[in-house]
Each structure stands twice: as structure tokens, then as C-alpha cells.
>>> print(open('my_file.cif').read())   # mmCIF, C-alpha atoms
data_coords
loop_
_atom_site.label_atom_id
_atom_site.label_comp_id
_atom_site.auth_asym_id
_atom_site.auth_seq_id
_atom_site.Cartn_x
_atom_site.Cartn_y
_atom_site.Cartn_z
CA MET A 14 -50.42 10.83 -24.40
CA THR A 15 -53.52 9.37 -22.77
CA ASP A 16 -52.97 11.45 -19.63
CA GLN A 17 -52.83 14.65 -21.69
CA THR A 18 -56.02 13.68 -23.56
CA SER A 19 -57.89 13.07 -20.31
CA GLN A 20 -56.75 16.45 -18.93
CA THR A 21 -58.01 18.15 -22.09
CA ALA A 22 -61.32 16.31 -21.80
CA LEU A 23 -61.66 17.44 -18.18
CA ALA A 24 -60.92 21.04 -19.12
CA PHE A 25 -63.72 21.07 -21.69
CA SER A 26 -66.25 18.85 -19.91
CA GLY A 27 -67.95 21.75 -18.10
CA PRO A 28 -70.56 24.02 -19.66
CA MET A 29 -69.08 26.14 -22.41
CA HIS A 30 -71.69 28.88 -21.95
CA ALA A 31 -72.85 30.42 -18.69
CA TYR A 32 -76.40 30.74 -20.01
CA ASP A 33 -78.02 27.61 -21.40
CA PRO A 34 -81.32 27.83 -23.31
CA ALA A 35 -82.13 24.22 -22.36
CA THR A 36 -81.92 24.82 -18.60
CA GLU A 37 -82.89 28.52 -18.54
CA PRO A 38 -85.36 29.11 -21.40
CA GLN A 39 -86.85 32.17 -19.65
CA LEU A 40 -83.62 34.08 -20.41
CA PHE A 41 -84.14 33.67 -24.16
CA SER A 42 -87.93 34.01 -24.43
CA ALA A 43 -89.02 36.74 -26.90
CA VAL A 44 -85.50 38.22 -27.01
CA ILE A 45 -85.56 38.86 -30.77
CA ARG A 46 -88.77 40.90 -30.61
CA LYS A 47 -87.51 42.85 -27.60
CA ARG A 48 -84.20 43.56 -29.34
CA CYS A 49 -86.02 45.03 -32.35
CA VAL A 50 -88.07 47.38 -30.16
CA ALA A 51 -84.98 48.28 -28.11
CA PHE A 52 -83.13 49.10 -31.33
CA LEU A 53 -85.86 51.54 -32.36
CA LEU A 54 -85.83 53.21 -28.93
CA ASP A 55 -82.04 53.48 -28.99
CA ALA A 56 -82.12 54.86 -32.55
CA VAL A 57 -84.37 57.70 -31.35
CA ILE A 58 -82.04 58.42 -28.40
CA ILE A 59 -78.95 58.37 -30.65
CA ALA A 60 -80.70 60.67 -33.14
CA LEU A 61 -81.47 63.17 -30.36
CA LEU A 62 -77.89 63.04 -29.06
CA THR A 63 -76.61 63.47 -32.62
CA ALA A 64 -78.86 66.51 -33.12
CA PHE A 65 -77.46 68.11 -29.94
CA ALA A 66 -73.93 67.36 -31.12
CA PHE A 67 -74.69 68.91 -34.53
CA VAL A 68 -75.86 72.12 -32.84
CA ALA A 69 -72.76 72.17 -30.63
CA VAL A 70 -70.41 71.66 -33.60
CA PHE A 71 -72.28 74.31 -35.60
CA VAL A 72 -71.88 76.87 -32.80
CA LEU A 73 -68.26 75.84 -32.32
CA GLY A 74 -67.76 76.23 -36.08
CA VAL A 75 -69.08 79.79 -35.96
CA VAL A 76 -66.70 80.59 -33.10
CA THR A 77 -63.72 78.99 -34.89
CA LEU A 78 -64.58 80.59 -38.24
CA GLY A 79 -65.60 77.29 -39.79
CA LEU A 80 -62.70 75.13 -38.66
CA ALA A 81 -64.82 72.97 -36.30
CA TRP A 82 -67.23 72.20 -39.13
CA LEU A 83 -64.72 69.57 -40.26
CA LEU A 84 -66.05 67.50 -37.33
CA PHE A 85 -69.54 67.10 -38.85
CA GLY A 86 -68.60 63.79 -40.51
CA LEU A 87 -67.48 62.28 -37.21
CA ILE A 88 -70.53 63.18 -35.14
CA PHE A 89 -72.77 60.19 -35.86
CA PRO A 90 -70.08 57.49 -35.54
CA VAL A 91 -68.67 58.99 -32.36
CA VAL A 92 -72.09 59.50 -30.75
CA GLY A 93 -73.36 56.03 -31.71
CA LEU A 94 -70.24 54.14 -30.63
CA SER A 95 -69.90 56.15 -27.43
CA TYR A 96 -73.54 55.56 -26.56
CA ASN A 97 -73.10 51.80 -26.88
CA ALA A 98 -69.69 51.75 -25.21
CA PHE A 99 -70.84 53.59 -22.11
CA THR A 100 -74.27 51.95 -21.77
CA VAL A 101 -73.60 48.32 -22.68
CA GLY A 102 -70.08 48.55 -21.25
CA GLY A 103 -71.36 50.37 -18.16
CA PRO A 104 -72.64 49.12 -14.82
CA LYS A 105 -76.16 48.23 -16.09
CA SER A 106 -74.86 46.16 -19.07
CA SER A 107 -77.50 47.42 -21.49
CA THR A 108 -78.54 50.44 -23.51
CA ILE A 109 -81.48 52.55 -22.37
CA GLY A 110 -83.75 50.86 -24.92
CA GLN A 111 -82.62 47.42 -23.80
CA ARG A 112 -83.26 48.34 -20.16
CA MET A 113 -86.75 49.53 -21.08
CA MET A 114 -87.38 46.14 -22.73
CA GLY A 115 -85.91 44.17 -19.80
CA LEU A 116 -82.78 42.97 -21.61
CA ALA A 117 -79.16 42.61 -20.48
CA VAL A 118 -75.94 42.08 -22.46
CA PRO A 119 -73.41 39.83 -20.67
CA MET A 120 -70.39 38.07 -22.15
CA TRP A 121 -71.13 34.50 -23.29
CA HIS A 122 -69.21 33.11 -20.31
CA GLY A 123 -71.15 35.25 -17.81
CA GLY A 124 -68.79 38.20 -17.32
CA LYS A 125 -69.45 41.89 -17.85
CA VAL A 126 -68.95 43.55 -21.21
CA THR A 127 -66.16 46.13 -21.32
CA PRO A 128 -66.66 49.47 -23.11
CA LEU A 129 -64.21 48.43 -25.85
CA ILE A 130 -66.09 45.19 -26.57
CA ALA A 131 -69.41 47.10 -26.46
CA ALA A 132 -68.12 49.58 -29.08
CA PHE A 133 -66.77 46.70 -31.19
CA HIS A 134 -70.17 44.95 -30.93
CA ALA A 135 -71.96 48.12 -32.08
CA LEU A 136 -69.51 48.56 -34.96
CA LEU A 137 -70.08 44.96 -36.10
CA PHE A 138 -73.85 45.51 -35.88
CA TRP A 139 -73.73 48.63 -38.04
CA PHE A 140 -71.51 46.88 -40.60
CA SER A 141 -73.91 43.94 -40.81
CA LEU A 142 -76.91 46.26 -40.98
CA THR A 143 -75.51 48.40 -43.80
CA LEU A 144 -73.45 45.90 -45.79
CA PHE A 145 -75.43 42.68 -45.68
CA PHE A 146 -78.77 42.99 -43.90
CA PRO A 147 -79.89 39.31 -44.28
CA ILE A 148 -77.02 38.22 -42.01
CA LEU A 149 -79.10 39.55 -39.10
CA LEU A 150 -81.55 36.69 -39.70
CA TRP A 151 -79.00 34.30 -38.19
CA CYS A 152 -80.60 34.81 -34.75
CA PHE A 153 -83.71 32.89 -35.85
CA PHE A 154 -81.58 29.73 -36.22
CA ASP A 155 -79.37 30.11 -33.14
CA SER A 156 -80.50 28.45 -29.89
CA ARG A 157 -79.26 31.44 -27.86
CA LYS A 158 -80.91 33.94 -30.26
CA ARG A 159 -77.51 35.47 -31.09
CA CYS A 160 -76.76 37.33 -34.29
CA LEU A 161 -73.38 36.81 -35.97
CA HIS A 162 -72.11 40.13 -34.60
CA ASP A 163 -72.98 38.88 -31.09
CA ILE A 164 -70.99 35.71 -31.69
CA LEU A 165 -67.99 37.61 -33.08
CA ALA A 166 -68.00 40.03 -30.13
CA GLY A 167 -68.54 37.21 -27.61
CA VAL A 168 -71.74 38.59 -26.09
CA LEU A 169 -75.34 37.51 -25.77
CA VAL A 170 -78.56 39.40 -25.26
CA ILE A 171 -80.81 37.87 -22.63
CA ASN A 172 -83.84 38.79 -20.59
CA ARG A 173 -82.59 40.57 -17.49
CA PRO A 174 -82.39 38.01 -14.69
CA MET A 175 -83.77 38.95 -11.28
CA ALA A 176 -80.38 38.27 -9.68
CA PRO A 177 -77.31 40.30 -10.73
CA LEU A 178 -75.38 39.10 -13.76
CA ARG A 179 -73.05 36.18 -13.06
CA ALA A 180 -69.37 36.49 -12.32
CA PRO A 181 -67.00 35.01 -14.93
CA VAL A 182 -66.75 31.24 -14.78
#
>>> encode(input="my_file.cif", output="C-alpha cells")
Amino acid sequence: MTDQTSQTALAFSGPMHAYDPATEPQLFSAVIRKRCVAFLLDAVIIALLTAFAFVAVFVLGVVTLGLAWLLFGLIFPVVGLSYNAFTVGGPKSSTIGQRMMGLAVPMWHGGKVTPLIAAFHALLFWFSLTLFFPILLWCFFDSRKRCLHDILAGVLVINRPMAPLRAPV
């Protein structure tokens, strides 16, 4: 029994997170403010992409005698989730707004975010934004400046390090 306990202690004795605010405070400096500005920039980009999609579905609806107009309700969710899935889950690990603000979105253990996790993260964000906005204030009390949807998706938002993002630990 003691041998098993010591093996468990050894397995968990290393750093649980790849990014530590105590040893690397520059990664977490002003992240909340930058995230807010990045959100506004991304909202404008998503609105423009949604407008283009609305025009495309409208034209397609004229061609299909109104049948494609049934897609209007899906445009915003599909555009928004796809935007996050392919930008955060892509090679640069951040949306266009986050890149403009110098942010990156790695997994908490240092790995890259997959498109599925990026879409899930965006979905959790939109649920928390629309259903219970004050839950977004959690980041002010978290040492890694993570919101609850970041924690549930297993990601963090950090200042983009000069070196490439770390490989999984």
C-alpha cells in the first residue's frame, strides 16, 4: 500500500500546468483587457462573415425558390463556431483579434488546441455570455486569468510567447 501511495505521489509531484503565473508572470500580464479588445475585433469579423453568408443564402434561396432560406437560422452559429474552430484550432492557436492583441490559446498542459475543443470553448463562451453574464467575472479571481469556460474546455489564454508554443508535457 505504501509503495502504491509513493508512486501516486511521484506521478503528481510535477507541475500540473505548463504555464505558471508565479514563474512566468509576463504570460498573464494584462490578458483580461486584451481578451476584451480581441473579442470586439472578432465580433466585427464574425459579423462581416455572417453578412456575406446571409447574402449567399439569400441568392441561393432565390435560385432554389425559397428552399435555401431555411438555412438563415443556422448562419450565425455555423459562422461563429467555424471561425473559432479554424482559428483557435488552427496553426496559429488564436483568432485574428487575439493575434492582433498578441494572445495565444494553448491547452493548460501546453499542447495545441484541436478544432473540436476550440468550437466547444466558443460554445461554452456564448452560453456563459447569454445565460449568466456575471460568470465571466471569474477570471478576476483566477491566478491564470481563466474564465470558467476556459477551465471547462481545458485551455488558457496567454500573451504570445516569443518561442513557439510548448509541446505537451
>>> resolve_selection(input="my_file.cif", expression="the PyMOL selection byres ((chain A and resi 132) around 12)", output="number ranges by chain")
A: 90-103, 108, 126-131, 133-139, 162-163, 166, 168
>>> residues_around(input="my_file.cif", residues="A:Ile88", least_positions_apart="2", cutoff="12 Å", atoms="only C-alpha atoms", output="PyMOL selection string")
chain A and resi 59-71+81-86+90-96
>>> atom_distance(input="my_file.cif", atom1="atom CA of A:Ala43", atom2="atom CA of A:Ala31")
19.2 Å
>>> atom_distance(input="my_file.cif", atom1="atom CA of A:Lys105", atom2="atom CA of A:Thr36")
24.2 Å
>>> resolve_selection(input="my_file.cif", expression="the PyMOL selection byres ((chain A and resi 170) around 10)", output="list in words")
Leu40, Phe41, Val44, Ile45, Lys47, Arg48, Ser106, Ser107, Gln111, Leu116, Ala117, Val118, Pro119, Met120, Trp121, Arg157, Lys158, Arg159, Cys160, Asp163, Val168, Leu169, Ile171, Asn172 and Arg173 of chain A
>>> closest_residue(input="my_file.cif", among="A:Ile164, A:Gly79, A:Ser156, A:Val50", to="A:Glu37", atoms="all atoms listed in the file")
A:Ser156
>>> atom_distance(input="my_file.cif", atom1="atom CA of A:Met113", atom2="atom CA of A:Ala51")
7.4 Å
>>> axis_aligned_box(input="my_file.cif", around="stretch 77-90 of chain A", padding_each_side="8 Å", output="JSON")
{"center_x": -67.7, "center_y": 69.0, "center_z": -37.7, "size_x": 26.1, "size_y": 39.1, "size_z": 21.6}
>>> closest_residue(input="my_file.cif", among="A:Gly115, A:Gly74, A:Gly110, A:Pro104", to="A:Ser42", atoms="all atoms listed in the file")
A:Gly115
>>> decode(input="my_file.cif", residues="stretch 50-62 of chain A", atoms="all heavy atoms", output="PDB file, in the first residue's frame")
ATOM      1  N   VAL A  50     -10.672  43.398 -25.825  1.00  0.00           N
ATOM      2  CA  VAL A  50     -10.472  44.075 -27.112  1.00  0.00           C
ATOM      3  C   VAL A  50     -10.489  43.059 -28.250  1.00  0.00           C
ATOM      4  O   VAL A  50     -11.100  43.298 -29.302  1.00  0.00           O
ATOM      5  CB  VAL A  50      -9.158  44.892 -27.101  1.00  0.00           C
ATOM      6  CG1 VAL A  50      -8.877  45.494 -28.469  1.00  0.00           C
ATOM      7  CG2 VAL A  50      -9.213  45.975 -26.036  1.00  0.00           C
ATOM      8  N   ALA A  51      -9.850  41.900 -28.041  1.00  0.00           N
ATOM      9  CA  ALA A  51      -9.845  40.858 -29.065  1.00  0.00           C
ATOM     10  C   ALA A  51     -11.259  40.369 -29.352  1.00  0.00           C
ATOM     11  O   ALA A  51     -11.613  40.112 -30.512  1.00  0.00           O
ATOM     12  CB  ALA A  51      -8.960  39.693 -28.629  1.00  0.00           C
ATOM     13  N   PHE A  52     -12.086  40.263 -28.310  1.00  0.00           N
ATOM     14  CA  PHE A  52     -13.477  39.855 -28.507  1.00  0.00           C
ATOM     15  C   PHE A  52     -14.211  40.837 -29.414  1.00  0.00           C
ATOM     16  O   PHE A  52     -14.944  40.435 -30.322  1.00  0.00           O
ATOM     17  CB  PHE A  52     -14.199  39.739 -27.162  1.00  0.00           C
ATOM     18  CG  PHE A  52     -15.684  39.622 -27.302  1.00  0.00           C
ATOM     19  CD1 PHE A  52     -16.263  38.449 -27.739  1.00  0.00           C
ATOM     20  CD2 PHE A  52     -16.511  40.702 -27.036  1.00  0.00           C
ATOM     21  CE1 PHE A  52     -17.634  38.340 -27.899  1.00  0.00           C
ATOM     22  CE2 PHE A  52     -17.878  40.608 -27.181  1.00  0.00           C
ATOM     23  CZ  PHE A  52     -18.439  39.418 -27.614  1.00  0.00           C
ATOM     24  N   LEU A  53     -14.015  42.128 -29.178  1.00  0.00           N
ATOM     25  CA  LEU A  53     -14.680  43.141 -30.010  1.00  0.00           C
ATOM     26  C   LEU A  53     -14.200  43.056 -31.469  1.00  0.00           C
ATOM     27  O   LEU A  53     -15.014  43.146 -32.402  1.00  0.00           O
ATOM     28  CB  LEU A  53     -14.445  44.534 -29.440  1.00  0.00           C
ATOM     29  CG  LEU A  53     -15.060  44.798 -28.068  1.00  0.00           C
ATOM     30  CD1 LEU A  53     -14.643  46.166 -27.544  1.00  0.00           C
ATOM     31  CD2 LEU A  53     -16.572  44.670 -28.111  1.00  0.00           C
ATOM     32  N   LEU A  54     -12.913  42.882 -31.666  1.00  0.00           N
ATOM     33  CA  LEU A  54     -12.382  42.742 -33.029  1.00  0.00           C
ATOM     34  C   LEU A  54     -12.949  41.493 -33.709  1.00  0.00           C
ATOM     35  O   LEU A  54     -13.358  41.535 -34.873  1.00  0.00           O
ATOM     36  CB  LEU A  54     -10.854  42.676 -32.998  1.00  0.00           C
ATOM     37  CG  LEU A  54     -10.124  43.936 -32.536  1.00  0.00           C
ATOM     38  CD1 LEU A  54      -8.654  43.643 -32.300  1.00  0.00           C
ATOM     39  CD2 LEU A  54     -10.308  45.061 -33.539  1.00  0.00           C
ATOM     40  N   ASP A  55     -12.976  40.388 -32.979  1.00  0.00           N
ATOM     41  CA  ASP A  55     -13.519  39.147 -33.544  1.00  0.00           C
ATOM     42  C   ASP A  55     -15.018  39.256 -33.806  1.00  0.00           C
ATOM     43  O   ASP A  55     -15.518  38.690 -34.775  1.00  0.00           O
ATOM     44  CB  ASP A  55     -13.234  37.971 -32.610  1.00  0.00           C
ATOM     45  CG  ASP A  55     -11.771  37.592 -32.593  1.00  0.00           C
ATOM     46  OD1 ASP A  55     -11.096  37.775 -33.634  1.00  0.00           O
ATOM     47  OD2 ASP A  55     -11.293  37.112 -31.549  1.00  0.00           O
ATOM     48  N   ALA A  56     -15.731  39.988 -32.964  1.00  0.00           N
ATOM     49  CA  ALA A  56     -17.172  40.175 -33.180  1.00  0.00           C
ATOM     50  C   ALA A  56     -17.424  40.917 -34.490  1.00  0.00           C
ATOM     51  O   ALA A  56     -18.358  40.576 -35.234  1.00  0.00           O
ATOM     52  CB  ALA A  56     -17.788  40.933 -32.008  1.00  0.00           C
ATOM     53  N   VAL A  57     -16.592  41.903 -34.802  1.00  0.00           N
ATOM     54  CA  VAL A  57     -16.728  42.622 -36.077  1.00  0.00           C
ATOM     55  C   VAL A  57     -16.435  41.683 -37.248  1.00  0.00           C
ATOM     56  O   VAL A  57     -17.168  41.671 -38.247  1.00  0.00           O
ATOM     57  CB  VAL A  57     -15.786  43.856 -36.103  1.00  0.00           C
ATOM     58  CG1 VAL A  57     -15.709  44.465 -37.487  1.00  0.00           C
ATOM     59  CG2 VAL A  57     -16.247  44.889 -35.088  1.00  0.00           C
ATOM     60  N   ILE A  58     -15.395  40.878 -37.128  1.00  0.00           N
ATOM     61  CA  ILE A  58     -15.044  39.934 -38.206  1.00  0.00           C
ATOM     62  C   ILE A  58     -16.156  38.910 -38.405  1.00  0.00           C
ATOM     63  O   ILE A  58     -16.548  38.629 -39.539  1.00  0.00           O
ATOM     64  CB  ILE A  58     -13.696  39.248 -37.890  1.00  0.00           C
ATOM     65  CG1 ILE A  58     -12.567  40.274 -37.936  1.00  0.00           C
ATOM     66  CG2 ILE A  58     -13.430  38.096 -38.851  1.00  0.00           C
ATOM     67  CD1 ILE A  58     -11.248  39.784 -37.378  1.00  0.00           C
ATOM     68  N   ILE A  59     -16.686  38.365 -37.303  1.00  0.00           N
ATOM     69  CA  ILE A  59     -17.776  37.385 -37.406  1.00  0.00           C
ATOM     70  C   ILE A  59     -19.019  38.033 -37.995  1.00  0.00           C
ATOM     71  O   ILE A  59     -19.736  37.416 -38.800  1.00  0.00           O
ATOM     72  CB  ILE A  59     -18.053  36.742 -36.038  1.00  0.00           C
ATOM     73  CG1 ILE A  59     -16.881  35.837 -35.646  1.00  0.00           C
ATOM     74  CG2 ILE A  59     -19.353  35.948 -36.051  1.00  0.00           C
ATOM     75  CD1 ILE A  59     -16.951  35.304 -34.231  1.00  0.00           C
ATOM     76  N   ALA A  60     -19.297  39.282 -37.641  1.00  0.00           N
ATOM     77  CA  ALA A  60     -20.454  39.988 -38.211  1.00  0.00           C
ATOM     78  C   ALA A  60     -20.300  40.159 -39.722  1.00  0.00           C
ATOM     79  O   ALA A  60     -21.264  39.979 -40.476  1.00  0.00           O
ATOM     80  CB  ALA A  60     -20.630  41.343 -37.530  1.00  0.00           C
ATOM     81  N   LEU A  61     -19.099  40.504 -40.178  1.00  0.00           N
ATOM     82  CA  LEU A  61     -18.861  40.639 -41.621  1.00  0.00           C
ATOM     83  C   LEU A  61     -19.013  39.299 -42.343  1.00  0.00           C
ATOM     84  O   LEU A  61     -19.637  39.225 -43.412  1.00  0.00           O
ATOM     85  CB  LEU A  61     -17.471  41.227 -41.878  1.00  0.00           C
ATOM     86  CG  LEU A  61     -17.279  42.687 -41.480  1.00  0.00           C
ATOM     87  CD1 LEU A  61     -15.803  43.087 -41.599  1.00  0.00           C
ATOM     88  CD2 LEU A  61     -18.153  43.589 -42.326  1.00  0.00           C
ATOM     89  N   LEU A  62     -18.448  38.234 -41.762  1.00  0.00           N
ATOM     90  CA  LEU A  62     -18.587  36.906 -42.362  1.00  0.00           C
ATOM     91  C   LEU A  62     -20.047  36.463 -42.385  1.00  0.00           C
ATOM     92  O   LEU A  62     -20.509  35.842 -43.359  1.00  0.00           O
ATOM     93  CB  LEU A  62     -17.736  35.887 -41.596  1.00  0.00           C
ATOM     94  CG  LEU A  62     -16.221  36.047 -41.695  1.00  0.00           C
ATOM     95  CD1 LEU A  62     -15.525  35.093 -40.738  1.00  0.00           C
ATOM     96  CD2 LEU A  62     -15.757  35.826 -43.124  1.00  0.00           C
TER      97      LEU A  62
END
